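Chemist: Structure file upload-v8.txt (compact mmCIF, C-alpha atoms) is given on the next line.
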```txt
# COMPACT_ATOMS: atom_id res chain seq x y z
CA MET A 77 -17.18 -3.97 10.16
CA SER A 78 -15.41 -2.47 13.11
CA GLU A 79 -13.44 0.73 12.79
CA ARG A 80 -10.24 -1.16 13.59
CA ILE A 81 -10.77 -3.61 10.71
CA VAL A 82 -11.48 -0.77 8.27
CA ARG A 83 -8.30 1.02 9.38
CA GLU A 84 -6.25 -2.17 8.90
CA LYS A 85 -7.70 -2.76 5.43
CA LEU A 86 -7.06 0.84 4.37
CA LYS A 87 -3.48 0.60 5.66
CA HIS A 88 -2.95 -2.58 3.64
CA LEU A 89 -4.37 -0.99 0.48
CA LEU A 90 -2.06 2.00 1.00
CA GLU A 91 0.94 -0.31 1.37
CA LEU A 92 0.00 -2.04 -1.87
CA GLY A 93 -0.27 1.32 -3.60
CA LEU A 94 -3.87 0.79 -4.65
CA ILE A 95 -5.25 3.86 -2.87
CA GLU A 96 -3.97 7.26 -1.82
CA ARG A 97 -4.92 9.50 1.05
CA ASN A 98 -4.93 13.23 1.59
CA LEU A 99 -4.88 14.98 4.93
CA ILE A 100 -7.80 17.35 5.47
CA LYS A 101 -8.20 20.05 8.08
CA GLN A 102 -11.77 21.21 8.54
CA GLY A 103 -11.93 21.95 12.23
CA TRP A 104 -10.66 18.40 12.71
CA LEU A 105 -7.91 16.31 11.19
CA GLY A 106 -8.74 13.38 8.98
CA TYR A 107 -8.00 11.70 5.70
CA ILE A 108 -9.81 11.34 2.41
CA TYR A 109 -9.06 8.06 0.68
CA ARG A 110 -9.28 7.63 -3.08
CA ALA A 111 -8.62 4.76 -5.43
CA LYS A 112 -5.60 5.31 -7.64
CA ASN A 113 -5.80 5.31 -11.39
CA PRO A 114 -5.80 1.60 -12.40
CA LYS A 115 -2.63 2.00 -14.45
CA GLU A 116 -0.85 3.66 -11.51
CA ALA A 117 -2.10 0.99 -9.12
CA LEU A 118 -0.86 -1.82 -11.37
CA ASN A 119 2.53 -0.16 -11.72
CA SER A 120 2.75 0.07 -7.95
CA VAL A 121 1.86 -3.60 -7.51
CA PHE A 122 4.37 -4.68 -10.19
CA SER A 123 7.04 -2.54 -8.55
CA LYS A 124 6.41 -4.21 -5.17
CA MET A 125 6.54 -7.64 -6.83
CA GLU A 126 9.88 -6.83 -8.47
CA GLU A 127 11.23 -5.63 -5.14
CA LEU A 128 10.16 -8.86 -3.42
CA LEU A 129 11.61 -11.00 -6.21
CA GLY A 130 14.91 -9.15 -5.84
CA LEU A 131 14.95 -9.86 -2.12
CA LEU A 132 14.16 -13.52 -2.74
CA GLU A 133 16.96 -13.73 -5.30
CA GLU A 134 19.43 -12.28 -2.81
CA GLU A 135 18.39 -14.79 -0.15
CA TYR A 136 18.62 -17.65 -2.64
CA LYS A 137 22.16 -16.62 -3.62
CA LYS A 138 23.15 -16.60 0.08
CA ILE A 139 21.97 -20.21 0.40
CA LEU A 140 24.01 -21.39 -2.58
```
Show me the file's structure as C-alpha cells.
Modeler:
Amino acid sequence: MSERIVREKLKHLLELGLIERNLIKQGWLGYIYRAKNPKEALNSVFSKMEELLGLLEEEYKKIL
C-alpha cells in the first residue's frame, strides 16, 4: 500500500473512533497509533450513529 492510502485509512479509523494517536517527539515528530479498547470503540461508533440519526430526523422533519 502507498503511504497516502495508509494515511487516509488511519484518518478514517480516527474519525470513527476506533483508534487513537499520540504525538511523539524523538528528534522528529510523529504519531503512534493504537487500537482503542473494544468497548470504547463501540461506544464511539454508536455515538456517531446516534448523531447521524438525529441529523436525518431533522432533515426528515424539514421535508414534512
Chemist: How many Å separate CA of Glu91 (chain A) from CA of Ile139 (chain A)?
Modeler: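 Distance between the two atoms: 29.0 Å.
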Chemist: Can I get the residues of region 86-110 of chain A within 8 Å of region 114-129 of chain A, each with the closest pair of atoms and their distance in Å to one decimal, using only C-alpha atoms, sorted chain first then ascending number, as a tab-separated table?
Modeler:
```
residue	atom	partner	partner_atom	distance
A:Leu92	CA	A:Val121	CA	6.1
A:Gly93	CA	A:Ser120	CA	5.4
A:Leu94	CA	A:Ala117	CA	4.8
A:Ile95	CA	A:Ala117	CA	7.6
```
Chemist: I'd like the interatomic distance between CA of Leu90 (chain A) and CA of Tyr136 (chain A), to a tenth of an Å.
Modeler: 28.8 Å
Chemist: Could you check how far CA of Gly106 (chain A) sits from CA of Met77 (chain A), in Å to one decimal?
Modeler: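 Between CA of Gly106 (chain A) and CA of Met77 (chain A) the gap is 19.3 Å.
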Chemist: For region 109-118 of chain A, I'd like the enclosing box, axis-aligned and padded by 5 Å on every side, reported as JSON with centre and edge lengths in Å to one decimal.
Modeler:
```
{"center_x": -5.1, "center_y": 3.1, "center_z": -6.9, "size_x": 18.4, "size_y": 19.9, "size_z": 25.1}
```
Chemist: Mind writing region 77-114 of chain A to a file for me, with N, CA, C and O atoms, as a tab-separated table (two decimals), in the first residue's frame?
Modeler:
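The result, stored in result.tsv:
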```tsv
chain	number	residue	atom	x	y	z
A	77	MET	N	0.83	-1.18	0.00
A	77	MET	CA	0.00	0.00	0.00
A	77	MET	C	0.88	1.24	0.00
A	77	MET	O	1.92	1.26	0.63
A	78	SER	N	0.35	2.26	-0.63
A	78	SER	CA	1.11	3.52	-0.65
A	78	SER	C	0.93	4.24	0.69
A	78	SER	O	-0.03	4.01	1.43
A	79	GLU	N	1.85	5.13	0.96
A	79	GLU	CA	1.79	5.91	2.19
A	79	GLU	C	0.50	6.74	2.25
A	79	GLU	O	-0.12	6.88	3.30
A	80	ARG	N	0.10	7.27	1.11
A	80	ARG	CA	-1.11	8.09	1.05
A	80	ARG	C	-2.34	7.28	1.45
A	80	ARG	O	-3.18	7.73	2.23
A	81	ILE	N	-2.44	6.06	0.96
A	81	ILE	CA	-3.59	5.19	1.28
A	81	ILE	C	-3.60	4.87	2.77
A	81	ILE	O	-4.65	4.92	3.42
A	82	VAL	N	-2.44	4.57	3.32
A	82	VAL	CA	-2.36	4.25	4.76
A	82	VAL	C	-2.80	5.45	5.57
A	82	VAL	O	-3.58	5.32	6.52
A	83	ARG	N	-2.34	6.65	5.20
A	83	ARG	CA	-2.74	7.86	5.91
A	83	ARG	C	-4.25	8.07	5.85
A	83	ARG	O	-4.89	8.41	6.84
A	84	GLU	N	-4.85	7.85	4.68
A	84	GLU	CA	-6.30	8.00	4.52
A	84	GLU	C	-7.06	7.00	5.39
A	84	GLU	O	-8.05	7.35	6.02
A	85	LYS	N	-6.59	5.77	5.42
A	85	LYS	CA	-7.26	4.73	6.22
A	85	LYS	C	-7.15	5.04	7.72
A	85	LYS	O	-8.12	4.89	8.46
A	86	LEU	N	-5.97	5.48	8.15
A	86	LEU	CA	-5.79	5.85	9.56
A	86	LEU	C	-6.69	7.03	9.92
A	86	LEU	O	-7.30	7.04	10.99
A	87	LYS	N	-6.79	8.01	9.03
A	87	LYS	CA	-7.66	9.16	9.28
A	87	LYS	C	-9.11	8.71	9.43
A	87	LYS	O	-9.82	9.16	10.34
A	88	HIS	N	-9.53	7.81	8.58
A	88	HIS	CA	-10.91	7.30	8.65
A	88	HIS	C	-11.15	6.54	9.96
A	88	HIS	O	-12.19	6.73	10.61
A	89	LEU	N	-10.21	5.71	10.36
A	89	LEU	CA	-10.34	4.98	11.62
A	89	LEU	C	-10.38	5.93	12.82
A	89	LEU	O	-11.12	5.70	13.77
A	90	LEU	N	-9.60	7.02	12.75
A	90	LEU	CA	-9.65	8.03	13.80
A	90	LEU	C	-11.02	8.69	13.86
A	90	LEU	O	-11.58	8.89	14.93
A	91	GLU	N	-11.56	9.04	12.69
A	91	GLU	CA	-12.88	9.67	12.63
A	91	GLU	C	-13.96	8.75	13.20
A	91	GLU	O	-14.90	9.22	13.82
A	92	LEU	N	-13.82	7.47	12.98
A	92	LEU	CA	-14.79	6.51	13.50
A	92	LEU	C	-14.61	6.27	15.00
A	92	LEU	O	-15.48	5.72	15.66
A	93	GLY	N	-13.47	6.67	15.53
A	93	GLY	CA	-13.19	6.48	16.94
A	93	GLY	C	-12.70	5.09	17.28
A	93	GLY	O	-12.79	4.66	18.43
A	94	LEU	N	-12.18	4.39	16.29
A	94	LEU	CA	-11.71	3.03	16.51
A	94	LEU	C	-10.25	2.96	16.94
A	94	LEU	O	-9.81	1.97	17.51
A	95	ILE	N	-9.50	4.03	16.65
A	95	ILE	CA	-8.10	4.09	17.06
A	95	ILE	C	-7.84	5.44	17.71
A	95	ILE	O	-8.65	6.36	17.62
A	96	GLU	N	-6.70	5.55	18.37
A	96	GLU	CA	-6.27	6.82	18.93
A	96	GLU	C	-4.82	7.03	18.53
A	96	GLU	O	-4.12	6.08	18.16
A	97	ARG	N	-4.38	8.27	18.59
A	97	ARG	CA	-2.99	8.54	18.24
A	97	ARG	C	-2.38	9.47	19.27
A	97	ARG	O	-3.06	10.31	19.86
A	98	ASN	N	-1.10	9.30	19.47
A	98	ASN	CA	-0.34	10.13	20.41
A	98	ASN	C	0.84	10.72	19.67
A	98	ASN	O	1.56	10.00	18.96
A	99	LEU	N	1.06	12.01	19.87
A	99	LEU	CA	2.19	12.70	19.28
A	99	LEU	C	3.45	12.29	20.02
A	99	LEU	O	3.48	12.24	21.24
A	100	ILE	N	4.49	11.99	19.26
A	100	ILE	CA	5.79	11.66	19.87
A	100	ILE	C	6.84	12.62	19.34
A	100	ILE	O	6.77	13.07	18.20
A	101	LYS	N	7.79	12.92	20.18
A	101	LYS	CA	8.91	13.80	19.80
A	101	LYS	C	10.19	13.09	20.19
A	101	LYS	O	10.53	13.02	21.36
A	102	GLN	N	10.84	12.51	19.22
A	102	GLN	CA	12.11	11.81	19.48
A	102	GLN	C	13.13	12.24	18.44
A	102	GLN	O	13.62	11.44	17.66
A	103	GLY	N	13.39	13.55	18.41
A	103	GLY	CA	14.27	14.07	17.38
A	103	GLY	C	13.50	14.34	16.09
A	103	GLY	O	13.99	14.98	15.19
A	104	TRP	N	12.29	13.84	16.04
A	104	TRP	CA	11.39	14.06	14.90
A	104	TRP	C	9.97	13.99	15.45
A	104	TRP	O	9.72	13.49	16.54
A	105	LEU	N	9.04	14.54	14.73
A	105	LEU	CA	7.64	14.50	15.15
A	105	LEU	C	6.93	13.37	14.41
A	105	LEU	O	7.15	13.14	13.23
A	106	GLY	N	6.10	12.68	15.12
A	106	GLY	CA	5.34	11.60	14.51
A	106	GLY	C	4.21	11.18	15.43
A	106	GLY	O	4.00	11.77	16.49
A	107	TYR	N	3.48	10.18	15.03
A	107	TYR	CA	2.37	9.68	15.82
A	107	TYR	C	2.52	8.19	16.05
A	107	TYR	O	3.03	7.47	15.20
A	108	ILE	N	2.02	7.76	17.19
A	108	ILE	CA	1.88	6.33	17.47
A	108	ILE	C	0.38	6.07	17.47
A	108	ILE	O	-0.37	6.76	18.17
A	109	TYR	N	-0.04	5.11	16.69
A	109	TYR	CA	-1.46	4.75	16.60
A	109	TYR	C	-1.70	3.48	17.40
A	109	TYR	O	-0.90	2.55	17.35
A	110	ARG	N	-2.83	3.47	18.12
A	110	ARG	CA	-3.21	2.29	18.89
A	110	ARG	C	-4.69	2.04	18.74
A	110	ARG	O	-5.48	2.99	18.66
A	111	ALA	N	-5.05	0.78	18.73
A	111	ALA	CA	-6.48	0.43	18.72
A	111	ALA	C	-7.07	0.80	20.07
A	111	ALA	O	-6.41	0.65	21.10
A	112	LYS	N	-8.30	1.29	20.05
A	112	LYS	CA	-8.98	1.60	21.30
A	112	LYS	C	-9.52	0.31	21.91
A	112	LYS	O	-9.70	-0.70	21.22
A	113	ASN	N	-9.79	0.38	23.19
A	113	ASN	CA	-10.46	-0.70	23.88
A	113	ASN	C	-11.76	-0.99	23.11
A	113	ASN	O	-12.48	-0.06	22.73
A	114	PRO	N	-12.09	-2.25	22.84
A	114	PRO	CA	-13.29	-2.57	22.05
A	114	PRO	C	-14.57	-1.93	22.57
A	114	PRO	O	-15.39	-1.45	21.79
```
